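Structure below is input-v4.cif: mmCIF, C-alpha atoms.
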data_data
#
loop_
_atom_site.group_PDB
_atom_site.id
_atom_site.type_symbol
_atom_site.label_atom_id
_atom_site.label_comp_id
_atom_site.auth_asym_id
_atom_site.auth_seq_id
_atom_site.Cartn_x
_atom_site.Cartn_y
_atom_site.Cartn_z
ATOM 1 C CA MET A 1386 146.771 166.895 133.149
ATOM 2 C CA ASN A 1387 147.802 167.514 129.562
ATOM 3 C CA VAL A 1388 151.405 166.504 128.743
ATOM 4 C CA ASP A 1389 152.797 167.798 125.480
ATOM 5 C CA GLU A 1390 155.329 165.575 123.741
ATOM 6 C CA THR A 1391 157.618 167.059 121.110
ATOM 7 C CA ASP A 1392 160.083 165.106 119.005
ATOM 8 C CA LEU A 1393 163.404 166.953 118.762
ATOM 9 C CA PRO A 1394 164.928 165.475 115.558
ATOM 10 C CA GLY A 1395 168.500 164.314 116.047
ATOM 11 C CA PHE A 1396 168.358 165.363 119.694
ATOM 12 C CA GLY A 1397 165.661 163.516 121.651
ATOM 13 C CA VAL A 1398 162.151 164.044 123.041
ATOM 14 C CA ARG A 1399 160.706 166.835 125.187
ATOM 15 C CA LYS A 1400 157.701 166.178 127.446
ATOM 16 C CA ASP A 1401 156.265 169.121 129.322
ATOM 17 C CA PHE A 1402 153.123 170.458 130.978
ATOM 18 C CA MET A 1403 151.741 173.678 132.405
ATOM 19 C CA THR A 1404 151.687 173.865 136.204
ATOM 20 C CA GLN A 1405 148.839 175.468 138.150
ATOM 21 C CA SER A 1406 151.162 178.365 138.939
ATOM 22 C CA GLY A 1407 151.565 179.063 135.216
ATOM 23 C CA ARG A 1408 155.054 177.619 134.739
ATOM 24 C CA ARG A 1409 155.908 175.194 131.945
ATOM 25 C CA LEU A 1410 157.891 172.283 133.400
ATOM 26 C CA GLY A 1411 159.383 169.462 131.393
ATOM 27 C CA VAL A 1412 161.956 166.786 130.793
ATOM 28 C CA VAL A 1413 164.152 166.380 127.751
ATOM 29 C CA THR A 1414 165.369 162.833 127.174
ATOM 30 C CA HIS A 1415 168.376 162.964 124.865
ATOM 31 C CA ARG A 1416 169.067 160.223 122.349
ATOM 32 C CA ASP A 1417 172.334 159.449 124.183
ATOM 33 C CA GLY A 1418 170.364 158.696 127.377
ATOM 34 C CA GLU A 1419 171.026 161.996 129.159
ATOM 35 C CA THR A 1420 168.097 163.657 130.940
ATOM 36 C CA GLU A 1421 167.466 167.350 131.460
ATOM 37 C CA LEU A 1422 164.859 169.041 133.653
ATOM 38 C CA ILE A 1423 163.651 172.261 131.999
ATOM 39 C CA ILE A 1424 161.509 175.279 132.782
ATOM 40 C CA SER A 1425 160.181 177.123 129.734
ATOM 41 C CA ALA A 1426 158.328 180.362 129.192
ATOM 42 C CA TRP A 1427 154.591 179.801 129.755
ATOM 43 C CA ASP A 1428 153.704 181.343 126.406
ATOM 44 C CA ASP A 1429 156.596 179.845 124.406
ATOM 45 C CA PRO A 1430 157.699 176.275 125.199
ATOM 46 C CA ASP A 1431 160.759 176.740 122.960
ATOM 47 C CA THR A 1432 162.163 179.477 125.213
ATOM 48 C CA CYS A 1433 164.018 177.685 127.985
ATOM 49 C CA GLN A 1434 164.353 179.743 131.163
ATOM 50 C CA ALA A 1435 166.258 177.131 133.158
ATOM 51 C CA SER A 1436 167.864 173.792 132.445
ATOM 52 C CA ILE A 1437 169.204 171.262 134.945
ATOM 53 C CA PRO A 1438 171.132 168.297 133.547
ATOM 54 C CA LEU A 1439 170.508 165.135 135.580
ATOM 55 C CA SER A 1440 172.680 162.054 135.787
ATOM 56 C CA ARG A 1441 170.887 158.738 135.413
ATOM 57 C CA GLU A 1442 171.003 158.269 139.193
ATOM 58 C CA GLU A 1443 169.651 161.791 139.822
ATOM 59 C CA ALA A 1444 166.812 161.316 137.332
ATOM 60 C CA THR A 1445 165.937 157.979 138.954
ATOM 61 C CA THR A 1446 165.992 159.504 142.437
ATOM 62 C CA LEU A 1447 163.802 162.416 141.358
ATOM 63 C CA GLY A 1448 161.331 160.029 139.697
ATOM 64 C CA ASN A 1449 161.225 157.862 142.817
ATOM 65 C CA LEU A 1450 160.685 160.858 145.086
ATOM 66 C CA LEU A 1451 157.866 162.256 142.983
ATOM 67 C CA GLY A 1452 156.242 158.880 142.361
ATOM 68 C CA GLY A 1453 156.638 157.837 145.975
ATOM 69 C CA ARG A 1454 154.967 161.047 147.099
ATOM 70 C CA ALA A 1455 151.896 160.204 145.011
ATOM 71 C CA ILE A 1456 151.685 156.713 146.524
ATOM 72 C CA VAL A 1457 152.103 158.054 150.064
ATOM 73 C CA MET A 1458 149.383 160.686 149.485
ATOM 74 C CA GLN A 1459 146.975 158.036 148.200
ATOM 75 C CA LEU A 1460 147.672 155.663 151.097
ATOM 76 C CA THR A 1461 147.407 158.483 153.633
ATOM 77 C CA GLU A 1462 144.000 159.372 152.240
ATOM 78 C CA GLU A 1463 142.890 155.737 152.385
ATOM 79 C CA HIS A 1464 144.066 155.371 156.011
ATOM 80 C CA ARG A 1465 142.698 158.716 157.208
ATOM 81 C CA ASP A 1466 139.846 157.057 159.116
ATOM 82 C CA VAL A 1467 142.071 154.400 160.726
ATOM 83 C CA PRO A 1468 143.388 155.841 164.012
ATOM 84 C CA GLY A 1469 147.056 155.205 164.758
ATOM 85 C CA ILE A 1470 148.020 154.124 161.229
ATOM 86 C CA SER A 1471 150.430 156.240 159.184
ATOM 87 C CA THR A 1472 152.227 155.990 155.871
ATOM 88 C CA ARG A 1473 155.870 156.899 155.475
ATOM 89 C CA GLN A 1474 158.588 156.595 152.860
ATOM 90 C CA PHE A 1475 162.243 155.668 153.401
ATOM 91 C CA VAL A 1476 165.201 155.740 151.045
ATOM 92 C CA VAL A 1477 167.598 152.785 151.171
ATOM 93 C CA ALA A 1478 170.913 154.550 151.709
ATOM 94 C CA PRO A 1479 174.062 153.287 149.987
ATOM 95 C CA GLU A 1480 175.488 152.472 153.440
ATOM 96 C CA SER A 1481 172.402 150.529 154.600
ATOM 97 C CA PRO A 1482 173.315 147.044 155.846
ATOM 98 C CA TYR A 1483 170.361 145.734 153.793
ATOM 99 C CA ARG A 1484 171.449 147.227 150.474
ATOM 100 C CA ASP A 1485 171.835 144.419 147.922
ATOM 101 C CA GLN A 1486 170.123 142.023 150.372
ATOM 102 C CA PRO A 1487 166.683 140.390 150.156
ATOM 103 C CA MET A 1488 164.102 142.594 151.884
ATOM 104 C CA GLY A 1489 163.071 139.691 154.139
ATOM 105 C CA LYS A 1490 166.500 139.673 155.755
ATOM 106 C CA ALA A 1491 165.599 142.936 157.561
ATOM 107 C CA GLN A 1492 162.494 141.264 159.062
ATOM 108 C CA ILE A 1493 160.688 144.622 159.162
ATOM 109 C CA ARG A 1494 157.195 143.161 159.610
ATOM 110 C CA THR A 1495 158.290 140.681 162.286
ATOM 111 C CA ARG A 1496 160.337 143.239 164.239
ATOM 112 C CA THR A 1497 158.031 146.288 163.933
ATOM 113 C CA SER A 1498 154.582 145.175 162.640
ATOM 114 C CA VAL A 1499 155.120 147.606 159.736
ATOM 115 C CA SER A 1500 154.054 146.557 156.232
ATOM 116 C CA ILE A 1501 156.140 147.526 153.224
ATOM 117 C CA VAL A 1502 153.488 148.145 150.586
ATOM 118 C CA ALA A 1503 155.630 149.315 147.660
ATOM 119 C CA ILE A 1504 159.143 150.008 146.457
ATOM 120 C CA MET A 1505 159.846 152.747 143.919
ATOM 121 C CA ARG A 1506 162.855 151.898 141.778
ATOM 122 C CA GLU A 1507 163.999 153.723 138.659
ATOM 123 C CA GLY A 1508 160.538 155.212 138.194
ATOM 124 C CA GLU A 1509 158.836 151.819 138.486
ATOM 125 C CA VAL A 1510 156.517 150.749 141.290
ATOM 126 C CA LEU A 1511 157.026 147.305 142.815
ATOM 127 C CA ALA A 1512 153.676 146.865 144.583
ATOM 128 C CA SER A 1513 153.377 144.456 147.507
ATOM 129 C CA PRO A 1514 157.016 143.350 147.271
ATOM 130 C CA SER A 1515 157.801 139.841 148.441
ATOM 131 C CA PRO A 1516 160.543 139.142 151.013
ATOM 132 C CA ASP A 1517 162.888 137.920 148.274
ATOM 133 C CA VAL A 1518 163.009 141.319 146.486
ATOM 134 C CA VAL A 1519 166.590 142.571 146.721
ATOM 135 C CA LEU A 1520 166.864 146.131 148.072
ATOM 136 C CA ARG A 1521 169.032 148.537 146.108
ATOM 137 C CA GLY A 1522 170.628 151.805 147.138
ATOM 138 C CA GLY A 1523 168.238 154.628 146.228
ATOM 139 C CA ASP A 1524 165.101 152.467 146.467
ATOM 140 C CA LEU A 1525 162.218 154.398 147.972
ATOM 141 C CA ILE A 1526 160.277 152.176 150.354
ATOM 142 C CA VAL A 1527 156.646 152.979 151.140
ATOM 143 C CA ALA A 1528 155.513 151.551 154.474
ATOM 144 C CA VAL A 1529 152.350 151.550 156.596
ATOM 145 C CA GLY A 1530 152.191 151.142 160.368
ATOM 146 C CA THR A 1531 152.154 152.937 163.693
ATOM 147 C CA GLN A 1532 154.432 155.951 164.232
ATOM 148 C CA GLU A 1533 156.529 153.913 166.658
ATOM 149 C CA GLY A 1534 156.808 150.999 164.236
ATOM 150 C CA LEU A 1535 157.736 153.301 161.359
ATOM 151 C CA ASP A 1536 160.443 154.933 163.497
ATOM 152 C CA GLN A 1537 161.810 151.458 164.318
ATOM 153 C CA ALA A 1538 161.698 150.439 160.637
ATOM 154 C CA ALA A 1539 163.669 153.549 159.643
ATOM 155 C CA HIS A 1540 166.257 152.744 162.317
ATOM 156 C CA ILE A 1541 166.543 149.120 161.137
ATOM 157 C CA LEU A 1542 167.047 150.135 157.505
ATOM 158 C CA ARG A 1543 169.761 152.621 158.520
ATOM 159 C CA ASN A 1544 171.577 150.601 161.167
ATOM 160 C CA GLY A 1545 170.555 146.971 160.993
#

Transcribe the structure of this file into structure tokens.
Amino acid sequence: MNVDETDLPGFGVRKDFMTQSGRRLGVVTHRDGETELIISAWDDPDTCQASIPLSREEATTLGNLLGGRAIVMQLTEEHRDVPGISTRQFVVAPESPYRDQPMGKAQIRTRTSVSIVAIMREGEVLASPSPDVVLRGGDLIVAVGTQEGLDQAAHILRNG
């Protein structure tokens, strides 16, 4: 996919691309650190049709959701021929008892036989995270296991 990058002197940088449906979708990163999601006219990228300002936390969450979706799709495709194995993603809620705790404290693998294969955090992928990785509110966890195990893992992350 072709991503156009445009320097906006004194303002920031715009990165956008044309979607299959013919919409121009992009992100403007302001010099002051603010982020804005934009939709522009397909034939004129300078004509903004919609603009959604995002806080740092919102931009991070959106990046995690979109990036996590790509990882889940890839893993689902790879596990398609393995009966009984599924891939799911979970968000570590701010009220999770494991927020700001090492991942190993939840003992997900021991208690459910589910493997946590990645954590999406602030647009970064932490692949094959070790038990000492500290979970943060908003982390998107990508896990592989049986449906029952994944249900149990979700319950553990929510309730302890």

TODO: Write out as a ChimeraX atom specification which residues come within 10 Å of Gln1486 (chain A) when counting only C-alpha atoms, dropping same-chain ones fewer than 6 positions away.
DONE: /A:1517-1521

For Ala1538 (chain A): contacts at 8 Å, only C-alpha atoms, fewer than 3 positions along chain excluded, given as a PDB file with C-alpha atoms, in the frame of the given file:
ATOM      1  CA  ILE A1493     160.688 144.622 159.162  1.00  0.00           C
ATOM      2  CA  THR A1497     158.031 146.288 163.933  1.00  0.00           C
ATOM      3  CA  VAL A1499     155.120 147.606 159.736  1.00  0.00           C
ATOM      4  CA  GLY A1534     156.808 150.999 164.236  1.00  0.00           C
ATOM      5  CA  LEU A1535     157.736 153.301 161.359  1.00  0.00           C
ATOM      6  CA  ILE A1541     166.543 149.120 161.137  1.00  0.00           C
ATOM      7  CA  LEU A1542     167.047 150.135 157.505  1.00  0.00           C
TER       8      LEU A1542
END

Open item on the list: For the PyMOL selection byres ((chain A and resi 1411) around 6), applied here, can you spell out every residue it catches as a PyMOL selection string?
Closed with: chain A and resi 1400-1401+1410+1412+1422-1423

For the residues selected in the previous step, produce a file with C-alpha atoms as a short mmCIF file (atom, residue, chain, number, x, y, z; two decimals), keeping the file's coordinate frame.
data_model
loop_
_atom_site.label_atom_id
_atom_site.label_comp_id
_atom_site.auth_asym_id
_atom_site.auth_seq_id
_atom_site.Cartn_x
_atom_site.Cartn_y
_atom_site.Cartn_z
CA LYS A 1400 157.70 166.18 127.45
CA ASP A 1401 156.26 169.12 129.32
CA LEU A 1410 157.89 172.28 133.40
CA VAL A 1412 161.96 166.79 130.79
CA LEU A 1422 164.86 169.04 133.65
CA ILE A 1423 163.65 172.26 132.00
#

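Picture a line from CA of Arg1473 (chain A) to CA of Gly1522 (chain A); it runs 17.7 Å.
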
- [ ] Between A:Arg1441, A:His1540, A:Arg1416, A:Arg1496, single out the one closest to Phe1475 (chain A), counting all atoms listed in the file.
- [x] A:His1540

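The shortest atom-to-atom distance to Ser1406 (chain A), with only C-alpha atoms taken into account, belongs to A:Trp1427 out of A:Trp1427, A:Glu1480, A:Leu1439, A:Gly1418.
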
Open item on the list: One decimal, in Å: what's the spacing between CA of Arg1494 (chain A) and CA of Glu1442 (chain A)?
Closed with: 28.9 Å

Could you expand the PyMOL selection byres ((chain A and resi 1391) around 12) into the explicit residues it covers here, written as an mmCIF file with C-alpha atoms, keeping the file's coordinate frame?
data_model
loop_
_atom_site.group_PDB
_atom_site.id
_atom_site.type_symbol
_atom_site.label_atom_id
_atom_site.label_comp_id
_atom_site.auth_asym_id
_atom_site.auth_seq_id
_atom_site.Cartn_x
_atom_site.Cartn_y
_atom_site.Cartn_z
ATOM 1 C CA VAL A 1388 151.405 166.504 128.743
ATOM 2 C CA ASP A 1389 152.797 167.798 125.480
ATOM 3 C CA GLU A 1390 155.329 165.575 123.741
ATOM 4 C CA ASP A 1392 160.083 165.106 119.005
ATOM 5 C CA LEU A 1393 163.404 166.953 118.762
ATOM 6 C CA PRO A 1394 164.928 165.475 115.558
ATOM 7 C CA PHE A 1396 168.358 165.363 119.694
ATOM 8 C CA GLY A 1397 165.661 163.516 121.651
ATOM 9 C CA VAL A 1398 162.151 164.044 123.041
ATOM 10 C CA ARG A 1399 160.706 166.835 125.187
ATOM 11 C CA LYS A 1400 157.701 166.178 127.446
ATOM 12 C CA ASP A 1401 156.265 169.121 129.322
ATOM 13 C CA PHE A 1402 153.123 170.458 130.978
ATOM 14 C CA GLY A 1411 159.383 169.462 131.393
ATOM 15 C CA VAL A 1412 161.956 166.786 130.793
ATOM 16 C CA VAL A 1413 164.152 166.380 127.751
ATOM 17 C CA THR A 1414 165.369 162.833 127.174
ATOM 18 C CA PRO A 1430 157.699 176.275 125.199
ATOM 19 C CA ASP A 1431 160.759 176.740 122.960
#

- [ ] For Ser1425 (chain A), list every protein, DNA or RNA residue within 6 Å, evaluated using all atoms listed in the file, and leave out those in the same chain fewer than 4 positions away; present the list as a PyMOL selection string.
- [x] chain A and resi 1409+1430+1432-1434

- [ ] To one decimal in Å, tell me the separation between CA of Ala1539 (chain A) and CA of Gly1523 (chain A).
- [x] 14.2 Å

- [ ] Would you please work out which residue, of A:Ala1478, A:Leu1451, A:Ala1426, A:Ala1444, is nearest to Val1510 (chain A) when using all atoms listed in the file?
- [x]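 Selected residue with least distance to Val1510 (chain A): A:Leu1451.
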
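In terms of minimum interatomic distance to Arg1484 (chain A), A:Arg1543 ranks closest within A:Arg1543, A:Glu1507, A:Ser1513, A:Asn1387, counting only C-alpha atoms.
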
- [ ] Would you please work out which residue, of A:Glu1533, A:Glu1509, A:Glu1443, A:Glu1419, is nearest to Ser1471 (chain A) when using all atoms listed in the file?
- [x] A:Glu1533
